[in-house]
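Take a look at the structure below.
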Amino acid sequence: MTPIGLGLAALGRPGYITLDREKDFGSDRSVATMERRCHEVLNAAYDAGIRYFDAARSYGYAERFLASWLRKRALPPKAVTVGSKWGYTYIGDWQVDARVHEVKDHSLAALRRQIEESRALLGDYLDIYQIHSATLESGVLEDHAVLAELNTLRASGLTIGMSVSGPRQGEVIRRALAVRVDGINPFQSVQATWNLLEPSAGPALAEAHDAGWGVISKEALSNGRLADRDQDAIAAALAYPWADVVLSGAVTAAQLRSNLGALGLRLSPDQLAELSNVAEPTDHYWKVRGRLSWS
Ligand SMILES: NC(=O)c1ccc[n+]([C@@H]2O[C@H](COP(=O)([O-])OP(=O)(O)OC[C@H]3O[C@@H](n4cnc5c(N)ncnc54)[C@H](OP(=O)(O)O)[C@@H]3O)[C@@H](O)[C@H]2O)c1
């Protein structure tokens, strides 16, 4: 089993913000072709020892592709850990150039609808259910009804998590650590962007880890911006003791094999410090990310 997980944001739908999709996918983005490609990478991942798979309701057909692969491989639910997310709905209609690809809704009604949809596809495979990009502005961390429902889902056996994005990740994580509903904090895991260009969430992720939460690092290659040094970038993300899982966003088996080469690297403190010199100011990083176009 490896501490690298596989994220399906770029494999579950025809368009995404990662940089080189035309080269990776060409023009055939039919559902059947994308499902076949997704299954190829899932096979390569499982065969290499990857056991955490990360989806979301809004990643097009990611949950559906993952479910069809799990059943094709006849894997028992305990053989893998599956995470998904609620809070965004995919409305891209399988178009690369859709005007809008996903809409955000962190309401109780959205949670109730999407957990049913996720369970209908993933059934007993579903282990971790995360708020997709919790923010202070959406009010989701103060919404008693949503938090109480998450406690109920937790009591049913799901691990409850949250993901964060944007320049205030650390603040949102700390707010979530302080949440209590009926004396219980519903959250047991957090997924956040941590990479060499944008490491600012690190201290808050260390606090979450110390509080007993599982920590999943995402976007280790900054959506492809760090692809030319993928092994160093992933090894750097793995170097922190608070990082339980680092997601690979590979979209081909060859990319995945290259990403997995990070497991063989042991960065010295000097090497890690040298690599860390590329960090960008947080606000600038998220402005650049916000300008990435879907392709
Ligand atoms: N808010 C949230 O909850 C949230 C947000 C974002 C992501 N996530 C999760 O994090 C996962 C990873 O995000 P990400 O896909 O942006 O990850 P990433 O690892 O930062 O970027 C992955 C991209 O890098 C490129 N790449 C990777 N290895 C390569 C190689 N060896 N050679 C050349 N290019 C390579 C590929 O894109 P190209 O070839 O197209 O350049 C690939 O799609 C997602 O799948 C999702 O599960 C969650």
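Quick note on naming: the chains in the structure tokens go A, B, ... in the order shown, residues restart at 1 in each chain, and ligands are numbered from 1 in order of appearance.
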
Self-check item: Within 6 Å of ligand 1, counting only C-alpha atoms and all ligand atoms, residues as an MDAnalysis selection string
Solution: chainID A and resid 7:10 18:21 24 54:55 132:133 163:165 218:224 227 230 247:251 255 258:259

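Take CA of Ser58 (chain A) and CA of Thr89 (chain A): the distance between them is 4.8 Å.
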
Self-check item: Non-local contacts of region 237-246 of chain A (9 Å; only C-alpha atoms; under 5 positions in same chain excluded) as a ChimeraX atom specification
Solution: /A:2-6,52,194-196,202,205-210,214-220,232,262-263,266-267,272

Emit the selected residues as a short mmCIF file (atom, residue, chain, number, x, y, z; two decimals), in the first residue's frame, including N, CA, C and O atoms.
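Here's the written file again-v2.cif:
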```cif
data_model
loop_
_atom_site.label_atom_id
_atom_site.label_comp_id
_atom_site.auth_asym_id
_atom_site.auth_seq_id
_atom_site.Cartn_x
_atom_site.Cartn_y
_atom_site.Cartn_z
N THR A 2 0.56 2.21 -0.85
CA THR A 2 1.39 3.43 -0.91
C THR A 2 0.67 4.61 -0.26
O THR A 2 -0.56 4.63 -0.21
N PRO A 3 1.44 5.61 0.21
CA PRO A 3 0.79 6.83 0.73
C PRO A 3 0.32 7.74 -0.40
O PRO A 3 -0.15 8.85 -0.14
N ILE A 4 0.49 7.30 -1.65
CA ILE A 4 -0.05 8.08 -2.77
C ILE A 4 -1.45 7.57 -3.08
O ILE A 4 -1.70 6.37 -3.10
N GLY A 5 -2.38 8.51 -3.28
CA GLY A 5 -3.74 8.17 -3.70
C GLY A 5 -3.94 8.67 -5.12
O GLY A 5 -3.13 9.42 -5.66
N LEU A 6 -5.05 8.25 -5.73
CA LEU A 6 -5.34 8.70 -7.09
C LEU A 6 -6.61 9.56 -7.09
O LEU A 6 -7.67 9.12 -6.64
N TYR A 52 -6.10 4.42 -2.09
CA TYR A 52 -7.06 5.51 -1.86
C TYR A 52 -7.45 6.14 -3.20
O TYR A 52 -6.59 6.52 -4.00
N TRP A 194 -1.51 21.43 -1.14
CA TRP A 194 -0.16 21.69 -0.65
C TRP A 194 0.80 21.34 -1.77
O TRP A 194 0.82 20.21 -2.26
N ASN A 195 1.54 22.31 -2.23
CA ASN A 195 2.60 22.02 -3.20
C ASN A 195 3.73 23.02 -3.01
O ASN A 195 3.63 23.95 -2.20
N LEU A 196 4.82 22.80 -3.77
CA LEU A 196 6.02 23.63 -3.58
C LEU A 196 5.74 25.10 -3.87
O LEU A 196 6.38 25.98 -3.28
N GLY A 202 0.35 24.32 5.27
CA GLY A 202 1.11 23.34 6.04
C GLY A 202 0.90 23.39 7.56
O GLY A 202 0.54 22.38 8.17
N LEU A 205 -2.50 22.19 8.54
CA LEU A 205 -2.63 20.74 8.30
C LEU A 205 -1.91 19.96 9.40
O LEU A 205 -2.38 18.89 9.83
N ALA A 206 -0.78 20.50 9.88
CA ALA A 206 -0.09 19.84 11.00
C ALA A 206 -0.97 19.83 12.24
O ALA A 206 -1.05 18.83 12.97
N GLU A 207 -1.69 20.95 12.48
CA GLU A 207 -2.60 21.00 13.64
C GLU A 207 -3.74 19.99 13.47
O GLU A 207 -4.14 19.33 14.43
N ALA A 208 -4.27 19.89 12.24
CA ALA A 208 -5.35 18.92 11.99
C ALA A 208 -4.86 17.50 12.25
O ALA A 208 -5.55 16.68 12.87
N HIS A 209 -3.65 17.23 11.80
CA HIS A 209 -3.07 15.89 12.01
C HIS A 209 -2.90 15.62 13.51
O HIS A 209 -3.24 14.53 14.00
N ASP A 210 -2.42 16.63 14.24
CA ASP A 210 -2.25 16.46 15.69
C ASP A 210 -3.59 16.25 16.39
O ASP A 210 -3.64 15.62 17.45
N GLY A 214 -7.32 12.70 9.52
CA GLY A 214 -6.55 12.25 8.37
C GLY A 214 -6.29 13.43 7.47
O GLY A 214 -7.16 14.30 7.30
N VAL A 215 -5.09 13.52 6.90
CA VAL A 215 -4.74 14.66 6.04
C VAL A 215 -4.40 14.16 4.64
O VAL A 215 -3.52 13.30 4.46
N ILE A 216 -5.12 14.70 3.65
CA ILE A 216 -4.92 14.35 2.24
C ILE A 216 -4.41 15.62 1.53
O ILE A 216 -5.10 16.64 1.54
N SER A 217 -3.22 15.54 0.93
CA SER A 217 -2.70 16.68 0.16
C SER A 217 -3.13 16.53 -1.28
O SER A 217 -3.02 15.46 -1.86
N LYS A 218 -3.61 17.62 -1.87
CA LYS A 218 -4.04 17.59 -3.27
C LYS A 218 -3.24 18.60 -4.08
O LYS A 218 -2.58 19.48 -3.52
N GLU A 219 -3.31 18.45 -5.41
CA GLU A 219 -2.67 19.38 -6.35
C GLU A 219 -1.17 19.50 -6.08
O GLU A 219 -0.61 20.61 -6.15
N ALA A 220 -0.53 18.36 -5.78
CA ALA A 220 0.91 18.37 -5.49
C ALA A 220 1.71 18.89 -6.67
O ALA A 220 2.82 19.40 -6.50
N ASP A 232 10.18 15.07 -7.56
CA ASP A 232 10.62 15.94 -6.46
C ASP A 232 9.42 16.60 -5.77
O ASP A 232 9.37 16.70 -4.54
N ALA A 262 8.37 8.98 -6.99
CA ALA A 262 8.62 9.81 -5.80
C ALA A 262 8.81 8.97 -4.55
O ALA A 262 9.51 9.39 -3.61
N LEU A 263 8.21 7.78 -4.55
CA LEU A 263 8.30 6.94 -3.34
C LEU A 263 9.73 6.48 -3.06
O LEU A 263 10.06 6.17 -1.93
N ARG A 266 14.30 10.09 -1.08
CA ARG A 266 14.33 10.59 0.31
C ARG A 266 15.02 11.94 0.27
O ARG A 266 16.23 12.01 0.08
N LEU A 267 14.26 13.00 0.41
CA LEU A 267 14.85 14.33 0.31
C LEU A 267 15.53 14.69 1.63
O LEU A 267 14.94 14.53 2.70
N LEU A 272 15.07 19.69 0.51
CA LEU A 272 13.70 20.17 0.70
C LEU A 272 13.69 21.70 0.76
O LEU A 272 12.85 22.36 0.15
#
```

Quiz item: Can you tell me, as a list in words, what residues are no more than 10 Å from Asp28 (chain A) when counting only C-alpha atoms, ignoring any on the same chain fewer than 6 positions away?
Solution: Pro14, Glu22 and Met34 of chain A

Requested write-out: C-alpha atoms of the selected residues, as an mmCIF file, in the first residue's frame:
```
data_model
loop_
_atom_site.group_PDB
_atom_site.id
_atom_site.type_symbol
_atom_site.label_atom_id
_atom_site.label_comp_id
_atom_site.auth_asym_id
_atom_site.auth_seq_id
_atom_site.Cartn_x
_atom_site.Cartn_y
_atom_site.Cartn_z
ATOM 1 C CA PRO A 14 -14.061 15.705 -20.735
ATOM 2 C CA GLU A 22 -5.080 18.081 -25.669
ATOM 3 C CA MET A 34 -12.975 8.502 -20.988
#
```

Practice problem: Write out as a PyMOL selection string the residues lying within 12 Å of Leu66 (chain A), counting only C-alpha atoms and excluding same-chain residues fewer than 3 positions away. | Solution: chain A and resi 6-9+11-12+34-43+46+52-57+59-63+69-73+75+80-84+118+121-123+125-126

What's the 12 Å shell around Ile184 (chain A), counting only C-alpha atoms, without same-chain residues fewer than 6 positions away, as a short mmCIF file (atom, residue, chain, number, x, y, z; two decimals) with N, CA and C atoms, in the first residue's frame?
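Ended up saving to result08.cif:
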```cif
data_model
loop_
_atom_site.label_atom_id
_atom_site.label_comp_id
_atom_site.auth_asym_id
_atom_site.auth_seq_id
_atom_site.Cartn_x
_atom_site.Cartn_y
_atom_site.Cartn_z
N HIS A 144 -26.00 24.70 11.39
CA HIS A 144 -26.25 23.65 12.38
C HIS A 144 -26.91 22.43 11.74
N LEU A 147 -24.34 20.46 9.75
CA LEU A 147 -23.36 19.82 10.64
C LEU A 147 -24.00 18.66 11.41
N ALA A 148 -25.26 18.85 11.83
CA ALA A 148 -25.95 17.76 12.55
C ALA A 148 -26.17 16.57 11.61
N GLU A 149 -26.48 16.85 10.34
CA GLU A 149 -26.65 15.76 9.36
C GLU A 149 -25.31 15.03 9.15
N LEU A 150 -24.22 15.80 9.13
CA LEU A 150 -22.90 15.16 8.99
C LEU A 150 -22.61 14.26 10.19
N ASN A 151 -23.01 14.71 11.40
CA ASN A 151 -22.86 13.85 12.58
C ASN A 151 -23.64 12.55 12.42
N THR A 152 -24.85 12.67 11.85
CA THR A 152 -25.67 11.47 11.64
C THR A 152 -24.99 10.53 10.64
N ARG A 154 -21.84 10.37 10.07
CA ARG A 154 -20.67 9.82 10.77
C ARG A 154 -21.09 8.63 11.64
N ALA A 155 -22.23 8.80 12.32
CA ALA A 155 -22.71 7.71 13.18
C ALA A 155 -23.09 6.48 12.35
N ALA A 176 -12.79 24.87 11.14
CA ALA A 176 -13.41 23.54 11.16
C ALA A 176 -12.96 22.74 12.38
N LEU A 177 -11.71 22.93 12.79
CA LEU A 177 -11.21 22.21 13.97
C LEU A 177 -11.99 22.60 15.23
N ALA A 178 -12.54 23.84 15.22
CA ALA A 178 -13.23 24.34 16.41
C ALA A 178 -14.74 24.04 16.40
#
```

Exercise. Within 8 Å of Val179 (chain A), counting only C-alpha atoms, which residues show up once you throw out same-chain ones fewer than 5 positions away? Write them as number ranges by chain, please.
Key: A: 141-142, 184-186

Self-check item: In region 71-242 of chain A, DSSP strand (DSSP E) residues written as a PyMOL selection string
Solution: chain A and resi 81-86+88-90+102-104+126-131+159-164+189-193+214-218

Quiz item: DSSP on the backbone: what in region 7-235 of chain A comes out helix (DSSP H, G or I), as an MDAnalysis selection string?
Solution: chainID A and resid 21:25 31:47 62:72 77:79 108:125 140:142 144:155 169:177 202:210 222:224 227:235
